[in-house]
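Note: the block below is model.cif and it holds mmCIF, C-alpha atoms.
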data_start
#
loop_
_atom_site.label_atom_id
_atom_site.label_comp_id
_atom_site.auth_asym_id
_atom_site.auth_seq_id
_atom_site.Cartn_x
_atom_site.Cartn_y
_atom_site.Cartn_z
CA MET N 1 21.77 23.75 -28.17
CA ILE N 2 19.09 23.56 -30.83
CA GLN N 3 16.07 25.64 -29.82
CA ILE N 4 12.57 24.56 -30.82
CA LEU N 5 9.70 27.05 -30.69
CA ILE N 6 6.31 25.59 -29.76
CA ALA N 7 3.40 27.92 -30.47
CA ASP N 8 0.11 26.46 -29.22
CA ASP N 9 -2.65 27.87 -27.00
CA ASP N 10 -3.25 24.39 -25.49
CA PRO N 11 -1.01 24.05 -22.38
CA HIS N 12 -1.30 20.25 -22.46
CA ILE N 13 0.15 20.12 -25.99
CA ARG N 14 2.99 22.44 -24.98
CA GLU N 15 3.72 20.35 -21.89
CA LEU N 16 3.69 17.08 -23.87
CA LEU N 17 6.00 18.38 -26.60
CA THR N 18 8.34 20.05 -24.13
CA TYR N 19 8.72 16.77 -22.26
CA TYR N 20 9.68 14.76 -25.35
CA LEU N 21 11.88 17.46 -26.87
CA GLN N 22 13.87 18.01 -23.69
CA ILE N 23 14.48 14.26 -23.36
CA GLU N 24 16.08 14.43 -26.83
CA GLY N 25 18.31 17.30 -25.69
CA TYR N 26 16.52 20.18 -27.41
CA GLY N 27 15.86 23.54 -25.82
CA VAL N 28 12.22 24.60 -25.88
CA ILE N 29 10.65 28.05 -26.19
CA GLU N 30 6.92 28.05 -25.41
CA ALA N 31 4.50 30.58 -26.86
CA THR N 32 0.80 30.70 -26.02
CA ASP N 33 -0.29 32.41 -29.24
CA GLY N 34 0.96 33.66 -32.59
CA THR N 35 1.76 37.17 -31.38
CA GLU N 36 3.96 35.90 -28.57
CA ALA N 37 5.63 33.45 -30.94
CA ALA N 38 6.45 36.25 -33.39
CA ALA N 39 8.05 38.23 -30.55
CA PHE N 40 10.19 35.23 -29.59
CA MET N 41 11.27 34.81 -33.22
CA ALA N 42 12.50 38.41 -33.21
CA SER N 43 14.31 38.21 -29.87
CA ARG N 44 15.55 34.62 -29.53
CA THR N 45 17.52 32.14 -31.61
CA VAL N 46 15.07 29.61 -33.02
CA HIS N 47 16.14 26.65 -35.15
CA LEU N 48 12.72 25.12 -35.85
CA ALA N 49 9.10 26.11 -35.13
CA VAL N 50 6.13 23.84 -34.38
CA ILE N 51 3.01 25.97 -34.84
CA ASP N 52 -0.64 25.28 -34.10
CA VAL N 53 -2.95 26.59 -36.80
CA MET N 54 -5.92 27.54 -34.62
CA MET N 55 -4.57 30.16 -32.21
CA PRO N 56 -6.20 33.36 -30.93
CA GLY N 57 -5.08 36.62 -32.49
CA LYS N 58 -2.47 35.71 -35.10
CA ASP N 59 -3.17 32.20 -36.39
CA GLY N 60 -0.66 29.62 -37.54
CA PHE N 61 -1.04 30.40 -41.23
CA GLN N 62 -0.23 34.07 -40.63
CA LEU N 63 2.70 33.23 -38.36
CA CYS N 64 4.10 30.69 -40.83
CA GLU N 65 3.91 33.24 -43.63
CA GLU N 66 5.81 35.80 -41.51
CA ILE N 67 8.48 33.27 -40.55
CA ARG N 68 8.98 32.23 -44.16
CA ARG N 69 9.30 35.88 -45.20
CA ASP N 70 11.71 36.99 -42.46
CA TYR N 71 13.63 33.89 -41.28
CA ASP N 72 15.24 30.77 -42.67
CA VAL N 73 14.04 28.06 -40.28
CA PRO N 74 11.90 24.97 -40.87
CA VAL N 75 8.24 25.09 -39.85
CA ILE N 76 5.82 22.31 -38.93
CA LEU N 77 2.13 23.18 -38.78
CA LEU N 78 0.22 21.32 -36.08
CA THR N 79 -3.55 21.24 -36.38
CA ALA N 80 -6.73 19.30 -35.74
CA LYS N 81 -7.79 19.99 -39.32
CA ASP N 82 -7.13 17.35 -41.93
CA GLN N 83 -8.99 18.87 -44.85
CA LEU N 84 -7.02 18.90 -48.11
CA SER N 85 -7.75 22.62 -48.55
CA ASP N 86 -6.16 23.38 -45.17
CA LYS N 87 -3.05 21.41 -46.08
CA GLU N 88 -2.90 23.19 -49.42
CA ARG N 89 -3.08 26.55 -47.66
CA GLY N 90 -0.40 25.48 -45.20
CA PHE N 91 2.04 24.54 -47.95
CA ALA N 92 1.11 27.68 -49.87
CA VAL N 93 2.23 29.90 -46.99
CA GLY N 94 5.51 27.99 -46.74
CA THR N 95 5.27 25.22 -44.16
CA ASP N 96 7.77 22.39 -44.49
CA ASP N 97 5.56 19.75 -42.92
CA TYR N 98 2.01 19.29 -41.70
CA VAL N 99 0.98 17.11 -38.72
CA THR N 100 -2.63 16.44 -37.81
CA LYS N 101 -3.83 16.06 -34.22
CA PRO N 102 -3.99 13.65 -32.49
CA PHE N 103 -0.39 12.70 -33.20
CA GLU N 104 2.31 10.42 -31.86
CA PRO N 105 5.03 12.52 -30.19
CA LYS N 106 7.74 10.15 -31.43
CA GLU N 107 6.57 10.57 -35.02
CA LEU N 108 6.74 14.33 -34.63
CA LEU N 109 10.30 13.93 -33.29
CA PHE N 110 11.24 11.93 -36.40
CA ARG N 111 9.90 14.73 -38.58
CA ILE N 112 11.74 17.39 -36.57
CA LYS N 113 15.04 15.54 -36.88
CA ALA N 114 14.55 15.02 -40.62
CA LEU N 115 13.84 18.71 -41.19
CA LEU N 116 16.85 19.80 -39.17
CA ARG N 117 19.05 17.51 -41.28
CA ARG N 118 17.63 18.94 -44.50
CA TYR N 119 18.17 22.52 -43.44
CA GLN N 120 21.84 21.83 -42.74
CA ARG N 121 22.24 21.46 -46.51
CA VAL N 122 21.40 25.12 -47.01
CA ASN N 123 24.65 26.34 -45.50
CA ALA N 124 26.78 23.78 -47.31
CA GLU N 125 28.78 24.90 -50.33
CA THR N 126 28.38 21.47 -51.88
CA ILE N 127 25.11 19.56 -52.20
CA ARG N 128 25.32 15.86 -53.04
CA LEU N 129 22.38 13.98 -54.50
CA GLY N 130 23.74 10.50 -55.12
CA GLU N 131 26.26 10.89 -57.97
CA THR N 132 25.09 14.43 -58.71
CA VAL N 133 27.16 17.18 -57.07
CA ILE N 134 26.06 20.82 -56.97
CA ASP N 135 28.90 23.22 -56.13
CA ARG N 136 27.34 26.49 -55.00
CA LYS N 137 30.72 28.21 -54.81
CA SER N 138 31.85 27.56 -58.39
CA TYR N 139 28.31 27.34 -59.83
CA GLU N 140 29.12 23.96 -61.35
CA VAL N 141 27.11 20.75 -61.49
CA VAL N 142 28.78 17.36 -61.94
CA CYS N 143 26.56 14.46 -62.93
CA LYS N 144 28.19 11.01 -62.89
CA GLY N 145 31.57 12.59 -63.55
CA GLU N 146 30.32 14.81 -66.35
CA GLN N 147 30.33 18.57 -65.84
CA LEU N 148 27.12 20.39 -66.74
CA LEU N 149 27.06 24.13 -67.28
CA LEU N 150 23.65 25.51 -66.39
CA PRO N 151 22.36 29.03 -67.01
CA MET N 152 22.43 31.00 -63.75
CA LYS N 153 18.67 30.96 -63.08
CA GLU N 154 18.47 27.21 -63.70
CA PHE N 155 21.40 26.66 -61.35
CA ASP N 156 19.82 28.84 -58.66
CA LEU N 157 16.50 27.05 -59.05
CA LEU N 158 18.11 23.60 -58.80
CA SER N 159 20.14 24.67 -55.75
CA GLN N 160 17.06 26.05 -54.03
CA LEU N 161 15.08 22.85 -54.50
CA ALA N 162 18.04 20.57 -53.68
CA SER N 163 18.77 22.44 -50.46
CA TYR N 164 15.37 21.39 -49.10
CA PRO N 165 14.59 17.88 -50.39
CA ASN N 166 10.88 17.00 -50.24
CA ARG N 167 9.85 20.51 -49.27
CA ILE N 168 7.11 21.94 -51.47
CA PHE N 169 7.82 25.39 -52.90
CA THR N 170 5.02 27.44 -54.40
CA ARG N 171 5.71 29.19 -57.68
CA ASP N 172 5.49 32.56 -55.90
CA GLU N 173 8.14 31.46 -53.39
CA LEU N 174 10.48 30.34 -56.16
CA ILE N 175 10.01 33.58 -58.07
CA ALA N 176 10.73 35.61 -54.92
CA ASN N 177 13.83 33.54 -54.05
CA ILE N 178 15.30 33.23 -57.55
CA TRP N 179 14.06 36.20 -59.55
CA GLY N 180 13.26 38.65 -56.74
CA PHE N 181 10.10 40.33 -55.52
CA ASP N 182 10.26 42.98 -58.26
CA PHE N 183 10.17 40.37 -61.05
CA ALA N 184 7.80 41.63 -63.76
CA GLY N 185 7.00 38.27 -65.36
CA ASP N 186 4.52 35.59 -64.30
CA ASP N 187 4.74 32.17 -62.65
CA ARG N 188 4.95 30.40 -66.01
CA THR N 189 8.63 31.37 -65.96
CA VAL N 190 9.11 28.80 -63.19
CA ASP N 191 7.36 26.11 -65.24
CA VAL N 192 9.64 26.79 -68.22
CA HIS N 193 12.82 26.55 -66.12
CA ILE N 194 11.62 23.37 -64.39
CA LYS N 195 10.94 21.81 -67.79
CA ARG N 196 14.47 22.70 -68.92
CA LEU N 197 16.03 21.21 -65.76
CA ARG N 198 14.09 17.99 -66.21
CA SER N 199 15.24 17.78 -69.81
CA ARG N 200 18.90 18.37 -68.93
CA PHE N 201 18.97 15.64 -66.29
CA SER N 202 16.64 13.11 -67.93
CA GLY N 203 19.45 11.23 -69.65
CA CYS N 204 22.13 11.96 -67.09
CA SER N 205 20.88 11.37 -63.58
CA ASP N 206 18.31 9.24 -61.79
CA ASP N 207 19.50 10.54 -58.40
CA PHE N 208 16.53 12.86 -58.02
CA THR N 209 13.25 13.92 -59.55
CA ILE N 210 11.53 17.29 -59.60
CA THR N 211 7.88 16.61 -58.86
CA THR N 212 4.91 18.81 -59.67
CA VAL N 213 2.51 19.28 -56.76
CA ARG N 214 -0.70 20.08 -58.57
CA GLY N 215 -2.13 23.48 -57.74
CA VAL N 216 0.76 24.35 -55.43
CA GLY N 217 4.26 24.18 -56.93
CA TYR N 218 7.29 21.87 -57.03
CA LYS N 219 9.53 19.75 -54.85
CA LEU N 220 12.76 17.81 -55.38
CA GLU N 221 12.76 14.19 -54.25
CA VAL N 222 16.00 12.24 -53.77
CA THR N 223 15.63 8.77 -55.29
CA LYS N 224 18.88 7.21 -54.06
#

Show me, as structure tokens, the structure contained in the file I just sent.
Amino acid sequence: MIQILIADDDPHIRELLTYYLQIEGYGVIEATDGTEAAAFMASRTVHLAVIDVMMPGKDGFQLCEEIRRDYDVPVILLTAKDQLSDKERGFAVGTDDYVTKPFEPKELLFRIKALLRRYQRVNAETIRLGETVIDRKSYEVVCKGEQLLLPMKEFDLLSQLASYPNRIFTRDELIANIWGFDFAGDDRTVDVHIKRLRSRFSGCSDDFTITTVRGVGYKLEVTK
């Protein structure tokens, strides 16, 4: 059974979400604050986390950052704030989605299901984006029947973005995931590799686009 972690200090929100999630057949783990949620992450199997931003002790931004550093599960930040700066901070610490209170429970369910589908791509050896096929086992890319040989870092970068369509990655995240935490260069390296990927696929594939999110990073959007 898929287990969803709900971290929110409001018992009414936890009760509402638990009701709708259980109807859909999900298991629910309830945490009253960020510290308790972190303990559940360490001791239980969690497949997706819905996290309130404004919690006592460890807030949602801190918890999201820890989850992104230590686990590979999708995160939805849930908050009463709708300021652009708050959303920017949320994506900067690695959230996959951002839902503002008050919200429709059914809409949140749609977002949860979409994220779970996207994350299933991560474990797949083959990623298909329309007529573009990325084989993570052989490190080959086939675009409309034509094989493309990409340098390793470009391949890794494309695979990372394609594994999580529509998720925004900061430049720091991409550097950590592709080049490693001990990388001595700067974030312009990411920009250079993104530019090369765009150039390689500009005349070959319209199955996807790599979009710049100004001030944050990049995301891959499937167009077909």

So which residues get picked by the PyMOL selection byres ((chain N and resi 8) around 10) here, written as a compact mmCIF listing (two decimals) with C-alpha atoms, in the coordinates of the input?
# COMPACT_ATOMS: atom_id res chain seq x y z
CA LEU N 5 9.70 27.05 -30.69
CA ILE N 6 6.31 25.59 -29.76
CA ALA N 7 3.40 27.92 -30.47
CA ASP N 9 -2.65 27.87 -27.00
CA ASP N 10 -3.25 24.39 -25.49
CA PRO N 11 -1.01 24.05 -22.38
CA HIS N 12 -1.30 20.25 -22.46
CA ILE N 13 0.15 20.12 -25.99
CA ARG N 14 2.99 22.44 -24.98
CA GLU N 30 6.92 28.05 -25.41
CA ALA N 31 4.50 30.58 -26.86
CA THR N 32 0.80 30.70 -26.02
CA ASP N 33 -0.29 32.41 -29.24
CA GLY N 34 0.96 33.66 -32.59
CA ALA N 37 5.63 33.45 -30.94
CA VAL N 50 6.13 23.84 -34.38
CA ILE N 51 3.01 25.97 -34.84
CA ASP N 52 -0.64 25.28 -34.10
CA VAL N 53 -2.95 26.59 -36.80
CA MET N 54 -5.92 27.54 -34.62
CA MET N 55 -4.57 30.16 -32.21
CA PRO N 56 -6.20 33.36 -30.93
CA ASP N 59 -3.17 32.20 -36.39
CA GLY N 60 -0.66 29.62 -37.54
CA LEU N 78 0.22 21.32 -36.08
CA THR N 79 -3.55 21.24 -36.38

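Shell of stretch 154-160 of chain N at 9 Å, with only C-alpha atoms counted and residues fewer than 2 places along the chain excluded, is N:Val122, N:Ile127, N:Ile134, N:Asp135, N:Arg136, N:Tyr139, N:Glu140, N:Val141, N:Leu149, N:Leu150, N:Pro151, N:Met152, N:Ala162, N:Ser163, N:Tyr164, N:Leu174, N:Asn177, N:Ile178, N:Val190, N:His193, N:Ile194, N:Arg196, N:Leu197, N:Leu220.
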
Please produce a file of the residues just selected, as an mmCIF file, keeping the file's coordinate frame, where the atoms kept are C-alpha atoms.
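As written to disk, result38.cif reads:
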data_model
loop_
_atom_site.group_PDB
_atom_site.id
_atom_site.type_symbol
_atom_site.label_atom_id
_atom_site.label_comp_id
_atom_site.auth_asym_id
_atom_site.auth_seq_id
_atom_site.Cartn_x
_atom_site.Cartn_y
_atom_site.Cartn_z
ATOM 1 C CA VAL N 122 21.400 25.120 -47.010
ATOM 2 C CA ILE N 127 25.110 19.560 -52.200
ATOM 3 C CA ILE N 134 26.060 20.820 -56.970
ATOM 4 C CA ASP N 135 28.900 23.220 -56.130
ATOM 5 C CA ARG N 136 27.340 26.490 -55.000
ATOM 6 C CA TYR N 139 28.310 27.340 -59.830
ATOM 7 C CA GLU N 140 29.120 23.960 -61.350
ATOM 8 C CA VAL N 141 27.110 20.750 -61.490
ATOM 9 C CA LEU N 149 27.060 24.130 -67.280
ATOM 10 C CA LEU N 150 23.650 25.510 -66.390
ATOM 11 C CA PRO N 151 22.360 29.030 -67.010
ATOM 12 C CA MET N 152 22.430 31.000 -63.750
ATOM 13 C CA ALA N 162 18.040 20.570 -53.680
ATOM 14 C CA SER N 163 18.770 22.440 -50.460
ATOM 15 C CA TYR N 164 15.370 21.390 -49.100
ATOM 16 C CA LEU N 174 10.480 30.340 -56.160
ATOM 17 C CA ASN N 177 13.830 33.540 -54.050
ATOM 18 C CA ILE N 178 15.300 33.230 -57.550
ATOM 19 C CA VAL N 190 9.110 28.800 -63.190
ATOM 20 C CA HIS N 193 12.820 26.550 -66.120
ATOM 21 C CA ILE N 194 11.620 23.370 -64.390
ATOM 22 C CA ARG N 196 14.470 22.700 -68.920
ATOM 23 C CA LEU N 197 16.030 21.210 -65.760
ATOM 24 C CA LEU N 220 12.760 17.810 -55.380
#

- Message: Please compute the atom CA of N:Val213-atom CA of N:Ile168 distance, one decimal, in Å.
- Response: 7.5 Å

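Atom CA of N:Asp206 is positioned 10.1 Å from atom CA of N:Lys144.
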
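For the atom pair formed by atom CA of N:Leu21 and atom CA of N:Arg117, the distance is 16.1 Å, given to one decimal.
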
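Minimum atom-to-atom distance to N:Thr132, evaluated using all atoms listed in the file, belongs to N:Cys204 out of N:Ala114, N:Cys204, N:Ile210, N:Val93.
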
What are the centre and the three edge lengths of an axis-aligned box that wraps all atoms of stretch 23-34 of chain N in the file, given that 4 Å is added to every side, written as lines of an AutoDock Vina configuration file and rounded to one decimal in Å?
center_x = 9.0
center_y = 24.0
center_z = -28.0
size_x = 26.6
size_y = 27.4
size_z = 17.2

- List, as an NGL selection string, every residue that the PyMOL selection byres ((chain N and resi 67-77) around 9) selects in the file provided. :N and (38 or 41 or 46-53 or 60-66 or 78-79 or 90 or 93-100 or 111-112 or 115-116 or 119)

Limited to C-alpha atoms, could you put the picked residues into a file as an mmCIF file, in the coordinates of the input?
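Listing of result-v7.cif after writing:
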data_model
loop_
_atom_site.group_PDB
_atom_site.id
_atom_site.type_symbol
_atom_site.label_atom_id
_atom_site.label_comp_id
_atom_site.auth_asym_id
_atom_site.auth_seq_id
_atom_site.Cartn_x
_atom_site.Cartn_y
_atom_site.Cartn_z
ATOM 1 C CA ALA N 38 6.450 36.250 -33.390
ATOM 2 C CA MET N 41 11.270 34.810 -33.220
ATOM 3 C CA VAL N 46 15.070 29.610 -33.020
ATOM 4 C CA HIS N 47 16.140 26.650 -35.150
ATOM 5 C CA LEU N 48 12.720 25.120 -35.850
ATOM 6 C CA ALA N 49 9.100 26.110 -35.130
ATOM 7 C CA VAL N 50 6.130 23.840 -34.380
ATOM 8 C CA ILE N 51 3.010 25.970 -34.840
ATOM 9 C CA ASP N 52 -0.640 25.280 -34.100
ATOM 10 C CA VAL N 53 -2.950 26.590 -36.800
ATOM 11 C CA GLY N 60 -0.660 29.620 -37.540
ATOM 12 C CA PHE N 61 -1.040 30.400 -41.230
ATOM 13 C CA GLN N 62 -0.230 34.070 -40.630
ATOM 14 C CA LEU N 63 2.700 33.230 -38.360
ATOM 15 C CA CYS N 64 4.100 30.690 -40.830
ATOM 16 C CA GLU N 65 3.910 33.240 -43.630
ATOM 17 C CA GLU N 66 5.810 35.800 -41.510
ATOM 18 C CA LEU N 78 0.220 21.320 -36.080
ATOM 19 C CA THR N 79 -3.550 21.240 -36.380
ATOM 20 C CA GLY N 90 -0.400 25.480 -45.200
ATOM 21 C CA VAL N 93 2.230 29.900 -46.990
ATOM 22 C CA GLY N 94 5.510 27.990 -46.740
ATOM 23 C CA THR N 95 5.270 25.220 -44.160
ATOM 24 C CA ASP N 96 7.770 22.390 -44.490
ATOM 25 C CA ASP N 97 5.560 19.750 -42.920
ATOM 26 C CA TYR N 98 2.010 19.290 -41.700
ATOM 27 C CA VAL N 99 0.980 17.110 -38.720
ATOM 28 C CA THR N 100 -2.630 16.440 -37.810
ATOM 29 C CA ARG N 111 9.900 14.730 -38.580
ATOM 30 C CA ILE N 112 11.740 17.390 -36.570
ATOM 31 C CA LEU N 115 13.840 18.710 -41.190
ATOM 32 C CA LEU N 116 16.850 19.800 -39.170
ATOM 33 C CA TYR N 119 18.170 22.520 -43.440
#

- Item | Contacts of N:Thr170 within 7 Å, all atoms listed in the file, excl. fewer than 4 positions in-chain, as number ranges by chain | N: 92, 174, 216-218

Generate a file of the selected residues that holds C-alpha atoms, formatted as an mmCIF file, keeping the file's coordinate frame.
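Saved as selection.cif:
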data_model
loop_
_atom_site.group_PDB
_atom_site.id
_atom_site.type_symbol
_atom_site.label_atom_id
_atom_site.label_comp_id
_atom_site.auth_asym_id
_atom_site.auth_seq_id
_atom_site.Cartn_x
_atom_site.Cartn_y
_atom_site.Cartn_z
ATOM 1 C CA ALA N 92 1.110 27.680 -49.870
ATOM 2 C CA LEU N 174 10.480 30.340 -56.160
ATOM 3 C CA VAL N 216 0.760 24.350 -55.430
ATOM 4 C CA GLY N 217 4.260 24.180 -56.930
ATOM 5 C CA TYR N 218 7.290 21.870 -57.030
#

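Comparing N:Glu88, N:Gly145, N:Lys113, N:Tyr19 by their smallest distance to N:Phe169, the closest is N:Glu88 (using only C-alpha atoms).
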
- Taking only C-alpha atoms into account, which of N:Ile2, N:Arg200, N:Arg171, N:Ala39 comes nearest N:Gln147? N:Arg200

- Item | For N:Lys87, the nearest of the candidates N:Thr35, N:Gly215, N:Thr209, N:Glu221, counting only C-alpha atoms | N:Gly215

- Query: Could you spell out the hits of the PyMOL selection byres ((chain N and resi 106) around 12) on the shown file, as a ChimeraX atom specification?
  - Reply: /N:16-17,19-21,23-24,103-105,107-113

Export C-alpha atoms of the chosen residues as a PDB file, keeping the file's coordinate frame?
ATOM      1  CA  LEU N  16       3.690  17.080 -23.870  1.00  0.00           C
ATOM      2  CA  LEU N  17       6.000  18.380 -26.600  1.00  0.00           C
ATOM      3  CA  TYR N  19       8.720  16.770 -22.260  1.00  0.00           C
ATOM      4  CA  TYR N  20       9.680  14.760 -25.350  1.00  0.00           C
ATOM      5  CA  LEU N  21      11.880  17.460 -26.870  1.00  0.00           C
ATOM      6  CA  ILE N  23      14.480  14.260 -23.360  1.00  0.00           C
ATOM      7  CA  GLU N  24      16.080  14.430 -26.830  1.00  0.00           C
ATOM      8  CA  PHE N 103      -0.390  12.700 -33.200  1.00  0.00           C
ATOM      9  CA  GLU N 104       2.310  10.420 -31.860  1.00  0.00           C
ATOM     10  CA  PRO N 105       5.030  12.520 -30.190  1.00  0.00           C
ATOM     11  CA  GLU N 107       6.570  10.570 -35.020  1.00  0.00           C
ATOM     12  CA  LEU N 108       6.740  14.330 -34.630  1.00  0.00           C
ATOM     13  CA  LEU N 109      10.300  13.930 -33.290  1.00  0.00           C
ATOM     14  CA  PHE N 110      11.240  11.930 -36.400  1.00  0.00           C
ATOM     15  CA  ARG N 111       9.900  14.730 -38.580  1.00  0.00           C
ATOM     16  CA  ILE N 112      11.740  17.390 -36.570  1.00  0.00           C
ATOM     17  CA  LYS N 113      15.040  15.540 -36.880  1.00  0.00           C
TER      18      LYS N 113
END
